[in-house]
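J.: To be precise about what I am sending: the file is called data.txt and holds compact mmCIF, C-alpha atoms.
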```txt
# COMPACT_ATOMS: atom_id res chain seq x y z
CA MET Z 105 -14.05 -28.81 7.65
CA ARG Z 106 -11.98 -28.59 4.46
CA VAL Z 107 -8.89 -26.36 4.56
CA MET Z 108 -6.49 -25.33 1.82
CA GLY Z 109 -2.96 -24.72 3.09
CA ILE Z 110 -0.61 -22.57 1.02
CA ASP Z 111 3.19 -22.39 1.35
CA PRO Z 112 3.74 -19.15 -0.59
CA GLY Z 113 6.48 -18.87 -3.19
CA LEU Z 114 6.87 -17.29 -6.58
CA THR Z 115 8.82 -20.10 -8.27
CA ARG Z 116 7.14 -22.95 -6.36
CA CYS Z 117 3.96 -22.36 -4.33
CA GLY Z 118 2.88 -25.43 -2.36
CA VAL Z 119 -0.86 -26.13 -2.08
CA GLY Z 120 -2.57 -28.85 -0.04
CA VAL Z 121 -6.20 -29.51 0.83
CA VAL Z 122 -7.14 -31.50 3.94
CA ASP Z 123 -10.51 -32.56 5.35
CA GLY Z 124 -10.60 -32.85 9.13
CA ARG Z 125 -11.42 -31.46 12.52
CA PRO Z 126 -9.51 -30.79 15.77
CA GLY Z 127 -8.38 -34.02 17.41
CA ALA Z 128 -8.88 -36.23 14.35
CA PRO Z 129 -6.07 -37.22 11.97
CA GLY Z 130 -7.57 -35.69 8.80
CA THR Z 131 -7.66 -36.85 5.18
CA MET Z 132 -5.70 -35.50 2.25
CA VAL Z 133 -7.95 -34.28 -0.57
CA ALA Z 134 -5.32 -32.88 -2.93
CA VAL Z 135 -1.73 -31.71 -3.02
CA GLY Z 136 0.32 -29.90 -5.63
CA VAL Z 137 2.67 -27.11 -6.53
CA VAL Z 138 1.91 -24.04 -8.62
CA ARG Z 139 5.09 -23.17 -10.53
CA THR Z 140 5.92 -20.01 -12.42
CA ASP Z 141 8.75 -19.38 -14.85
CA PRO Z 142 11.63 -17.52 -13.12
CA GLU Z 143 12.57 -16.02 -16.51
CA ALA Z 144 9.11 -14.49 -17.13
CA PRO Z 145 8.26 -10.85 -16.29
CA LEU Z 146 7.11 -10.43 -12.67
CA ALA Z 147 3.52 -9.40 -13.54
CA ASP Z 148 3.11 -12.50 -15.75
CA ARG Z 149 4.38 -14.70 -12.90
CA LEU Z 150 1.91 -13.17 -10.43
CA LEU Z 151 -0.91 -13.70 -12.93
CA ALA Z 152 0.10 -17.35 -13.49
CA LEU Z 153 0.21 -17.90 -9.72
CA ASP Z 154 -3.21 -16.29 -9.25
CA ASP Z 155 -4.67 -18.43 -12.07
CA GLY Z 156 -3.17 -21.61 -10.55
CA LEU Z 157 -4.46 -20.86 -7.05
CA ARG Z 158 -7.93 -19.94 -8.32
CA GLU Z 159 -8.10 -23.21 -10.27
CA PHE Z 160 -7.10 -25.19 -7.15
CA LEU Z 161 -9.72 -23.33 -5.07
CA ALA Z 162 -12.43 -23.93 -7.69
CA ASP Z 163 -11.55 -27.63 -8.06
CA HIS Z 164 -11.49 -28.43 -4.33
CA GLN Z 165 -13.86 -25.89 -2.76
CA PRO Z 166 -12.17 -25.43 0.64
CA GLU Z 167 -14.07 -23.69 3.45
CA ALA Z 168 -10.97 -21.85 4.71
CA VAL Z 169 -7.51 -20.85 3.50
CA ALA Z 170 -4.37 -20.93 5.67
CA VAL Z 171 -1.14 -19.31 4.48
CA GLU Z 172 2.33 -19.46 6.01
CA ARG Z 173 3.32 -16.05 7.33
CA VAL Z 174 6.33 -14.42 5.68
CA PHE Z 175 9.15 -13.35 7.94
CA SER Z 176 11.74 -10.69 7.31
CA GLN Z 177 14.31 -13.11 8.77
CA HIS Z 178 14.04 -15.17 5.57
CA ASN Z 179 16.65 -14.86 2.86
CA VAL Z 180 16.52 -11.15 1.94
CA ALA Z 181 16.80 -11.85 -1.80
CA SER Z 182 13.69 -14.08 -1.80
CA VAL Z 183 11.54 -12.42 0.87
CA ILE Z 184 9.99 -9.88 -1.53
CA GLY Z 185 8.84 -12.56 -4.00
CA THR Z 186 7.56 -14.72 -1.15
CA ALA Z 187 5.66 -11.74 0.30
CA GLN Z 188 4.12 -10.99 -3.10
CA ALA Z 189 3.05 -14.63 -3.47
CA SER Z 190 1.51 -14.63 0.03
CA GLY Z 191 -0.43 -11.45 -0.84
CA ILE Z 192 -1.82 -13.11 -3.98
CA ALA Z 193 -2.73 -16.24 -1.95
CA LEU Z 194 -4.59 -14.30 0.76
CA LEU Z 195 -6.36 -12.19 -1.87
CA ALA Z 196 -7.49 -15.31 -3.76
CA GLY Z 197 -9.13 -16.66 -0.58
CA ALA Z 198 -10.62 -13.31 0.45
CA ARG Z 199 -11.99 -12.73 -3.08
CA LEU Z 200 -14.10 -15.90 -2.62
CA GLY Z 201 -15.31 -14.70 0.80
CA LEU Z 202 -13.41 -17.50 2.57
CA PRO Z 203 -11.98 -17.01 6.06
CA THR Z 204 -8.19 -16.78 5.89
CA ALA Z 205 -5.54 -17.28 8.53
CA THR Z 206 -1.76 -17.00 8.67
CA TYR Z 207 0.61 -19.10 10.79
CA THR Z 208 4.29 -18.67 11.49
CA PRO Z 209 6.60 -21.51 10.46
CA SER Z 210 7.14 -22.36 14.14
CA GLU Z 211 3.38 -22.54 14.80
CA VAL Z 212 3.07 -24.99 11.89
CA LYS Z 213 6.02 -27.09 13.09
CA SER Z 214 4.70 -27.12 16.66
CA ALA Z 215 1.28 -28.27 15.45
CA VAL Z 216 2.49 -31.23 13.39
CA CYS Z 217 5.78 -32.14 15.14
CA GLY Z 218 5.25 -30.83 18.67
CA ASN Z 219 8.44 -28.82 18.21
CA GLY Z 220 8.67 -25.32 16.73
CA THR Z 221 12.23 -25.87 15.51
CA ALA Z 222 11.62 -29.18 13.70
CA ASP Z 223 13.40 -29.50 10.33
CA LYS Z 224 11.78 -30.02 6.92
CA ARG Z 225 12.38 -33.79 7.02
CA GLN Z 226 10.50 -34.11 10.33
CA VAL Z 227 7.59 -32.05 8.97
CA THR Z 228 7.37 -34.28 5.89
CA THR Z 229 7.56 -37.44 8.05
CA MET Z 230 4.80 -36.27 10.39
CA VAL Z 231 2.52 -35.07 7.56
CA THR Z 232 2.91 -38.47 5.88
CA ARG Z 233 2.09 -40.24 9.17
CA ILE Z 234 -0.82 -37.97 10.22
CA LEU Z 235 -2.55 -38.23 6.84
CA ARG Z 236 -1.67 -41.97 6.55
CA LEU Z 237 -0.14 -41.45 3.09
CA LYS Z 238 1.54 -44.36 1.29
CA GLU Z 239 4.50 -42.13 0.40
CA ALA Z 240 5.86 -38.72 1.41
CA PRO Z 241 4.44 -35.77 -0.55
CA LYS Z 242 7.07 -34.14 -2.78
CA PRO Z 243 8.51 -31.55 -3.13
CA ALA Z 244 8.93 -30.14 0.40
CA ASP Z 245 6.70 -27.16 -0.51
CA ALA Z 246 3.79 -29.57 -1.06
CA ALA Z 247 4.36 -31.27 2.33
CA ASP Z 248 4.59 -27.84 3.99
CA ALA Z 249 1.26 -26.80 2.47
CA LEU Z 250 -0.40 -29.92 3.96
CA ALA Z 251 1.24 -29.14 7.33
CA ILE Z 252 -0.23 -25.61 7.22
CA ALA Z 253 -3.69 -27.04 6.50
CA ILE Z 254 -3.34 -29.52 9.40
CA CYS Z 255 -2.15 -26.67 11.67
CA HIS Z 256 -5.27 -24.68 10.81
CA LEU Z 257 -7.58 -27.64 11.43
CA TRP Z 258 -5.99 -28.43 14.78
CA ARG Z 259 -5.11 -25.00 16.12
CA GLY Z 260 -7.12 -22.61 14.06
CA GLY Z 261 -10.69 -23.35 15.08
CA VAL Z 262 -11.09 -20.57 17.60
CA LYS Z 263 -8.66 -18.19 15.84
CA ALA Z 264 -10.53 -18.62 12.54
CA ARG Z 265 -13.97 -18.05 14.07
CA ILE Z 266 -12.77 -14.81 15.66
CA ALA Z 267 -11.20 -13.62 12.38
CA ALA Z 268 -14.38 -14.48 10.44
CA ALA Z 269 -16.52 -12.56 12.94
CA VAL Z 270 -14.20 -9.51 12.78
CA SER Z 271 -14.16 -9.65 8.99
CA LYS Z 272 -17.96 -9.89 8.82
CA GLU Z 273 -18.29 -6.94 11.21
CA ASN Z 274 -15.84 -4.85 9.13
CA ASN Z 275 -17.70 -5.60 5.89
CA ARG Z 276 -21.08 -4.40 7.21
CA MET S 154 -0.13 7.40 -23.98
CA ARG S 155 -1.91 7.20 -20.61
CA VAL S 156 0.02 5.68 -17.70
CA MET S 157 -1.07 4.82 -14.17
CA GLY S 158 1.75 5.10 -11.63
CA ILE S 159 1.44 3.21 -8.35
CA ASP S 160 3.47 3.83 -5.19
CA PRO S 161 2.70 0.57 -3.40
CA GLY S 162 1.73 0.53 0.27
CA LEU S 163 -0.71 -1.36 2.43
CA THR S 164 -1.85 1.56 4.59
CA ARG S 165 -1.54 4.23 1.87
CA CYS S 166 -1.10 3.28 -1.78
CA GLY S 167 -0.50 6.29 -4.05
CA VAL S 168 -2.08 6.25 -7.50
CA GLY S 169 -1.63 8.80 -10.28
CA VAL S 170 -2.63 8.84 -13.94
CA VAL S 171 -0.75 10.96 -16.48
CA ASP S 172 -1.26 11.48 -20.22
CA GLY S 173 1.91 12.21 -22.15
CA ARG S 174 4.78 11.09 -24.32
CA PRO S 175 8.61 11.21 -24.16
CA GLY S 176 9.90 14.79 -24.34
CA ALA S 177 6.56 16.46 -23.54
CA PRO S 178 5.58 17.67 -20.06
CA GLY S 179 2.43 15.53 -19.67
CA THR S 180 -0.99 16.20 -18.17
CA MET S 181 -2.37 14.92 -14.89
CA VAL S 182 -5.60 12.94 -15.37
CA ALA S 183 -6.19 11.82 -11.77
CA VAL S 184 -4.40 11.39 -8.48
CA GLY S 185 -5.39 9.74 -5.24
CA VAL S 186 -4.55 7.38 -2.43
CA VAL S 187 -6.10 3.99 -1.71
CA ARG S 188 -6.14 3.55 2.07
CA THR S 189 -6.77 0.40 4.07
CA ASP S 190 -7.48 0.06 7.77
CA PRO S 191 -4.31 -0.97 9.66
CA GLU S 192 -6.53 -2.63 12.28
CA ALA S 193 -8.33 -4.89 9.75
CA PRO S 194 -7.26 -8.50 9.05
CA LEU S 195 -4.53 -8.69 6.36
CA ALA S 196 -6.69 -10.52 3.77
CA ASP S 197 -9.41 -7.85 4.11
CA ARG S 198 -6.82 -5.12 3.59
CA LEU S 199 -5.47 -6.80 0.44
CA LEU S 200 -9.02 -7.16 -0.88
CA ALA S 201 -9.78 -3.47 -0.16
CA LEU S 202 -6.56 -2.45 -1.94
CA ASP S 203 -7.39 -4.64 -4.95
CA ASP S 204 -10.92 -3.19 -5.10
CA GLY S 205 -9.56 0.38 -4.91
CA LEU S 206 -6.95 -0.19 -7.63
CA ARG S 207 -9.45 -1.93 -9.94
CA GLU S 208 -11.86 0.98 -9.53
CA PHE S 209 -9.11 3.48 -10.40
CA LEU S 210 -8.11 1.41 -13.44
CA ALA S 211 -11.74 1.12 -14.62
CA ASP S 212 -12.39 4.84 -14.11
CA HIS S 213 -9.29 6.09 -15.95
CA GLN S 214 -8.49 3.33 -18.48
CA PRO S 215 -4.67 3.65 -18.57
CA GLU S 216 -2.73 1.90 -21.35
CA ALA S 217 0.13 0.89 -19.04
CA VAL S 218 0.83 0.46 -15.33
CA ALA S 219 4.12 1.44 -13.65
CA VAL S 220 4.88 0.35 -10.08
CA GLU S 221 7.75 1.37 -7.81
CA ARG S 222 10.02 -1.60 -7.18
CA VAL S 223 10.26 -2.77 -3.58
CA PHE S 224 13.71 -2.97 -2.07
CA SER S 225 14.88 -5.11 0.79
CA GLN S 226 16.82 -2.06 2.03
CA HIS S 227 13.46 -0.54 3.09
CA ASN S 228 12.37 -0.61 6.70
CA VAL S 229 12.27 -4.34 7.47
CA ALA S 230 9.02 -4.05 9.41
CA SER S 231 7.16 -2.52 6.44
CA VAL S 232 8.84 -4.24 3.48
CA ILE S 233 6.56 -7.30 3.60
CA GLY S 234 3.37 -5.23 3.47
CA THR S 235 4.83 -3.06 0.72
CA ALA S 236 5.84 -6.15 -1.28
CA GLN S 237 2.33 -7.61 -0.88
CA ALA S 238 0.80 -4.32 -2.08
CA SER S 239 3.15 -4.21 -5.10
CA GLY S 240 2.15 -7.78 -5.98
CA ILE S 241 -1.54 -6.84 -5.89
CA ALA S 242 -0.82 -3.73 -8.02
CA LEU S 243 1.10 -5.65 -10.71
CA LEU S 244 -1.57 -8.38 -10.73
CA ALA S 245 -4.36 -5.80 -11.19
CA GLY S 246 -2.59 -4.43 -14.30
CA ALA S 247 -1.71 -7.86 -15.70
CA ARG S 248 -5.26 -9.12 -15.10
CA LEU S 249 -6.47 -6.42 -17.55
CA GLY S 250 -3.81 -7.40 -20.09
CA LEU S 251 -1.97 -4.10 -19.62
CA PRO S 252 1.82 -3.86 -19.99
CA THR S 253 3.43 -3.35 -16.58
CA ALA S 254 6.82 -2.00 -15.59
CA THR S 255 8.70 -1.50 -12.35
CA TYR S 256 11.19 1.26 -11.56
CA THR S 257 13.55 1.65 -8.64
CA PRO S 258 13.13 4.76 -6.46
CA SER S 259 16.38 6.14 -7.87
CA GLU S 260 15.24 5.65 -11.48
CA VAL S 261 12.08 7.60 -10.65
CA LYS S 262 14.03 10.40 -8.90
CA SER S 263 16.53 10.61 -11.77
CA ALA S 264 13.69 10.88 -14.29
CA VAL S 265 11.86 13.75 -12.60
CA CYS S 266 14.68 15.50 -10.66
CA GLY S 267 17.77 14.56 -12.67
CA ASN S 268 19.21 13.18 -9.44
CA GLY S 269 18.74 9.65 -8.12
CA THR S 270 19.17 10.74 -4.51
CA ALA S 271 16.66 13.63 -4.55
CA ASP S 272 14.47 13.87 -1.44
CA LYS S 273 10.67 13.64 -1.26
CA ARG S 274 10.27 17.44 -1.25
CA GLN S 275 12.24 17.77 -4.51
CA VAL S 276 10.16 15.03 -6.14
CA THR S 277 6.93 16.79 -5.12
CA THR S 278 8.26 20.15 -6.37
CA MET S 279 9.28 18.75 -9.76
CA VAL S 280 6.04 16.79 -10.23
CA THR S 281 4.06 19.97 -9.50
CA ARG S 282 6.20 21.92 -12.00
CA ILE S 283 6.26 19.26 -14.76
CA LEU S 284 2.49 18.76 -14.68
CA ARG S 285 1.87 22.54 -14.21
CA LEU S 286 -0.35 21.91 -11.16
CA LYS S 287 -1.74 24.84 -9.15
CA GLU S 288 -0.74 23.16 -5.91
CA ALA S 289 1.45 20.26 -4.81
CA PRO S 290 -0.29 16.87 -4.76
CA LYS S 291 -0.72 15.53 -1.22
CA PRO S 292 0.14 13.26 0.51
CA ALA S 293 3.70 12.40 -0.65
CA ASP S 294 2.49 8.94 -1.80
CA ALA S 295 0.22 10.66 -4.37
CA ALA S 296 3.08 12.83 -5.69
CA ASP S 297 5.32 9.74 -5.89
CA ALA S 298 2.69 7.89 -7.93
CA LEU S 299 2.62 10.76 -10.44
CA ALA S 300 6.46 10.74 -10.55
CA ILE S 301 6.40 6.99 -11.34
CA ALA S 302 3.91 7.60 -14.19
CA ILE S 303 6.11 10.43 -15.58
CA CYS S 304 9.19 8.19 -15.28
CA HIS S 305 7.45 5.52 -17.35
CA LEU S 306 6.34 8.02 -20.00
CA TRP S 307 9.82 9.51 -20.31
CA ARG S 308 12.06 6.50 -19.79
CA GLY S 309 9.84 3.54 -20.25
CA GLY S 310 8.95 3.67 -23.93
CA VAL S 311 11.56 1.20 -25.15
CA LYS S 312 11.61 -0.83 -21.92
CA ALA S 313 7.82 -1.20 -22.02
CA ARG S 314 7.74 -2.25 -25.67
CA ILE S 315 10.34 -4.95 -25.01
CA ALA S 316 8.41 -6.20 -21.94
CA ALA S 317 5.13 -6.26 -23.90
CA ALA S 318 6.76 -8.24 -26.71
CA VAL S 319 8.29 -10.73 -24.25
CA SER S 320 4.98 -11.08 -22.43
CA LYS S 321 3.08 -11.66 -25.69
CA GLU S 322 5.63 -14.27 -26.75
CA ASN S 323 5.36 -16.05 -23.37
CA ASN S 324 1.56 -16.13 -23.51
CA ARG S 325 1.44 -17.82 -26.92
```
Written as structure tokens, that's how I'd like the structure from this file.

T.:
Amino acid sequence: MRVMGIDPGLTRCGVGVVDGRPGAPGTMVAVGVVRTDPEAPLADRLLALDDGLREFLADHQPEAVAVERVFSQHNVASVIGTAQASGIALLAGARLGLPTATYTPSEVKSAVCGNGTADKRQVTTMVTRILRLKEAPKPADAADALAIAICHLWRGGVKARIAAAVSKENNR
Amino acid sequence: MRVMGIDPGLTRCGVGVVDGRPGAPGTMVAVGVVRTDPEAPLADRLLALDDGLREFLADHQPEAVAVERVFSQHNVASVIGTAQASGIALLAGARLGLPTATYTPSEVKSAVCGNGTADKRQVTTMVTRILRLKEAPKPADAADALAIAICHLWRGGVKARIAAAVSKENNR
């Protein structure tokens, strides 16, 4: 299964595509960051983000999209932009009819580090090791996006199948 | 000028279209609420909201979109959903190439009530009076959407022209 992980953000939105299945290490297909200009009007930034995510989806054709869940505990000044970016990310996946899932930061950290309170450095180290990359993905948002994709591949199988079935039922 | 006002929300998103110009009372073209099922998966709700807003835009062909700005002071439990809905609303306008604007709740209240701390009842009363409606628009989200559209018509002329010029310049 091919999964696109998204670490939502308005200035930097991490994206990473991984091929894999539960219990296997997985292979990186693509990684990147969609950036928008902090000086541009908000609507233009959202449009640029949507365009960037759609292009990534079209180029790499994932079968599922996993997005990090936004928490109100985040920095209050940035939580609104992050929430808007996560909405655009989930919409982009849903618009293509792809199953979508969200994971909390601690679910993602637990999946790749075995520890829900692991720091960013540990996440980057484990992503690099799991995907057998020659060097660590940069910036941290890109490594986080790969971690979210790995989390979905390893933990999300059952969760995703239930969500897809519910979604199908609701769309009848 | 025809303006679509949007009071963003994930469960109830108010939409209202008003024809008018600065200094004139304005005429209501349409009002409504896009609702999504609180029990449905988040991505499905965002897709339903996007579909509803696009339909409203296609049906009423506004020349500008005005959205209430989300504040972190809102109820923490609902601010993330409201922020996601506002992102979808701004994207829907930008996707059509329409100028978009955001206004704080107090800017909207000042515009229609002359008082930035007016309560919901006052806003509904003034919207009903300004647009010479036979009865008050319901629910409150619908009245708020009309107030946002009136605010843009009355206050937004200069602000909107500057934003449109900046946006055009950025898209070169």

J.: Restricting the calculation to all atoms listed in the file, which member of S:Pro252, S:Gly269, S:Gly185, S:Pro178 is positioned closest to Thr281 (chain S)?

T.: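 Closest to Thr281 (chain S) of all the choices is S:Pro178.
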
J.: Can you tell me how far CA of Leu195 (chain Z) sits from CA of Ala168 (chain Z), in Å to one decimal?

T.: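 Interatomic distance, CA of Leu195 (chain Z) to CA of Ala168 (chain Z): 12.6 Å.
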
J.: Smallest atom-to-atom distance to chain Z: which of S:Ala298, S:Ala245, S:Ala289, S:Cys304, using all atoms listed in the file?

T.: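 Using all atoms listed in the file, the shortest distance to chain Z belongs to S:Ala245.
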
J.: Could you work out how far CA of Ala170 (chain Z) lies from CA of Glu221 (chain S), giving the answer in Å with one decimal?

T.: 28.7 Å

J.: How far is it from CA of Ala264 (chain S) to CA of Thr186 (chain Z), in Å with one decimal?

T.: 29.4 Å

J.: Using only C-alpha atoms, which of Z:Ala147, Z:Ser190, Z:Leu161, Z:Asp248 sits nearest Gly118 (chain Z)?

T.: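 Among the listed residues, Z:Asp248 lies closest to Gly118 (chain Z).
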
J.: I need the residue nearest Met279 (chain S) from this list: S:Ala201, S:Asp294, S:Lys262, S:Gly250. Use only C-alpha atoms for the distance.

T.: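 Nearest to Met279 (chain S): S:Lys262.
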
J.: Which residues come within 12 Å of Glu260 (chain S), counting all atoms listed in the file, excluding same-chain residues fewer than 6 positions away, as a list in words?

T.: Val220, Glu221, Arg222, Cys266, Gly267, Asn268, Gly269, Thr270, Ala271, Val276, Ala300, Ile301, Ala302, Ile303, Cys304, His305, Trp307, Arg308 and Gly309 of chain S

J.: Please determine, counting all atoms listed in the file, which residue among Z:Gln188, Z:Ser182, Z:Gln226, Z:Thr140 has the shortest atom-to-atom distance to chain S.

T.: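 Smallest distance to chain S is found for Z:Gln188.
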
J.: Edge lengths and centre in Å to one decimal, as JSON, is what I'm after for the box along x, y and z that holds all listed atoms of region 118-137 of chain Z once 4 Å is added on each side.

T.:
```
{"center_x": -4.3, "center_y": -31.3, "center_z": 5.4, "size_x": 22.3, "size_y": 19.8, "size_z": 31.9}
```

J.: Would you list which chain S residues are within 6 Å of chain Z using all atoms listed in the file, as a short mmCIF file (atom, residue, chain, number, x, y, z; two decimals) with C-alpha atoms, keeping the file's coordinate frame?

T.:
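What follows is the written file part_6.cif:
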```
data_model
loop_
_atom_site.label_atom_id
_atom_site.label_comp_id
_atom_site.auth_asym_id
_atom_site.auth_seq_id
_atom_site.Cartn_x
_atom_site.Cartn_y
_atom_site.Cartn_z
CA ALA S 196 -6.69 -10.52 3.77
CA LEU S 199 -5.47 -6.80 0.44
CA LEU S 200 -9.02 -7.16 -0.88
CA ILE S 233 6.56 -7.30 3.60
CA ALA S 236 5.84 -6.15 -1.28
CA GLN S 237 2.33 -7.61 -0.88
CA GLY S 240 2.15 -7.78 -5.98
CA LEU S 243 1.10 -5.65 -10.71
CA LEU S 244 -1.57 -8.38 -10.73
CA ALA S 247 -1.71 -7.86 -15.70
#
```

J.: Residues around (-5.1, 11.4, -12.5), cut-off 6 Å, counting only C-alpha atoms - what are they as a list in words?

T.: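 Collected hits near the coordinates: Gly169, Val170, Val171, Met181, Val182, Ala183 and Val184 of chain S.
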
J.: The selected residues should be written to file as an mmCIF file, in the coordinates of the input (atoms: C-alpha atoms).

T.:
```cif
data_model
loop_
_atom_site.group_PDB
_atom_site.id
_atom_site.type_symbol
_atom_site.label_atom_id
_atom_site.label_comp_id
_atom_site.auth_asym_id
_atom_site.auth_seq_id
_atom_site.Cartn_x
_atom_site.Cartn_y
_atom_site.Cartn_z
ATOM 1 C CA GLY S 169 -1.630 8.800 -10.280
ATOM 2 C CA VAL S 170 -2.630 8.840 -13.940
ATOM 3 C CA VAL S 171 -0.750 10.960 -16.480
ATOM 4 C CA MET S 181 -2.370 14.920 -14.890
ATOM 5 C CA VAL S 182 -5.600 12.940 -15.370
ATOM 6 C CA ALA S 183 -6.190 11.820 -11.770
ATOM 7 C CA VAL S 184 -4.400 11.390 -8.480
#
```

J.: Choose the residue, out of Z:Glu159, Z:Pro209, Z:Lys224, Z:Leu200, that has the smallest atom-to-atom separation from Pro243 (chain Z); count all atoms listed in the file.

T.: Z:Lys224

J.: May I have the protein, DNA and RNA residues with an atom at most 10 Å from (6.3, 18.9, -17.0), counting only C-alpha atoms in the file's coordinates, returned as a list in words?

T.: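 Result, sorted by chain then residue number: Gly173, Gly176, Ala177, Pro178, Gly179, Thr180, Met181, Val265, Met279, Val280, Thr281, Arg282, Ile283, Leu284, Arg285, Leu286 and Ile303 of chain S.
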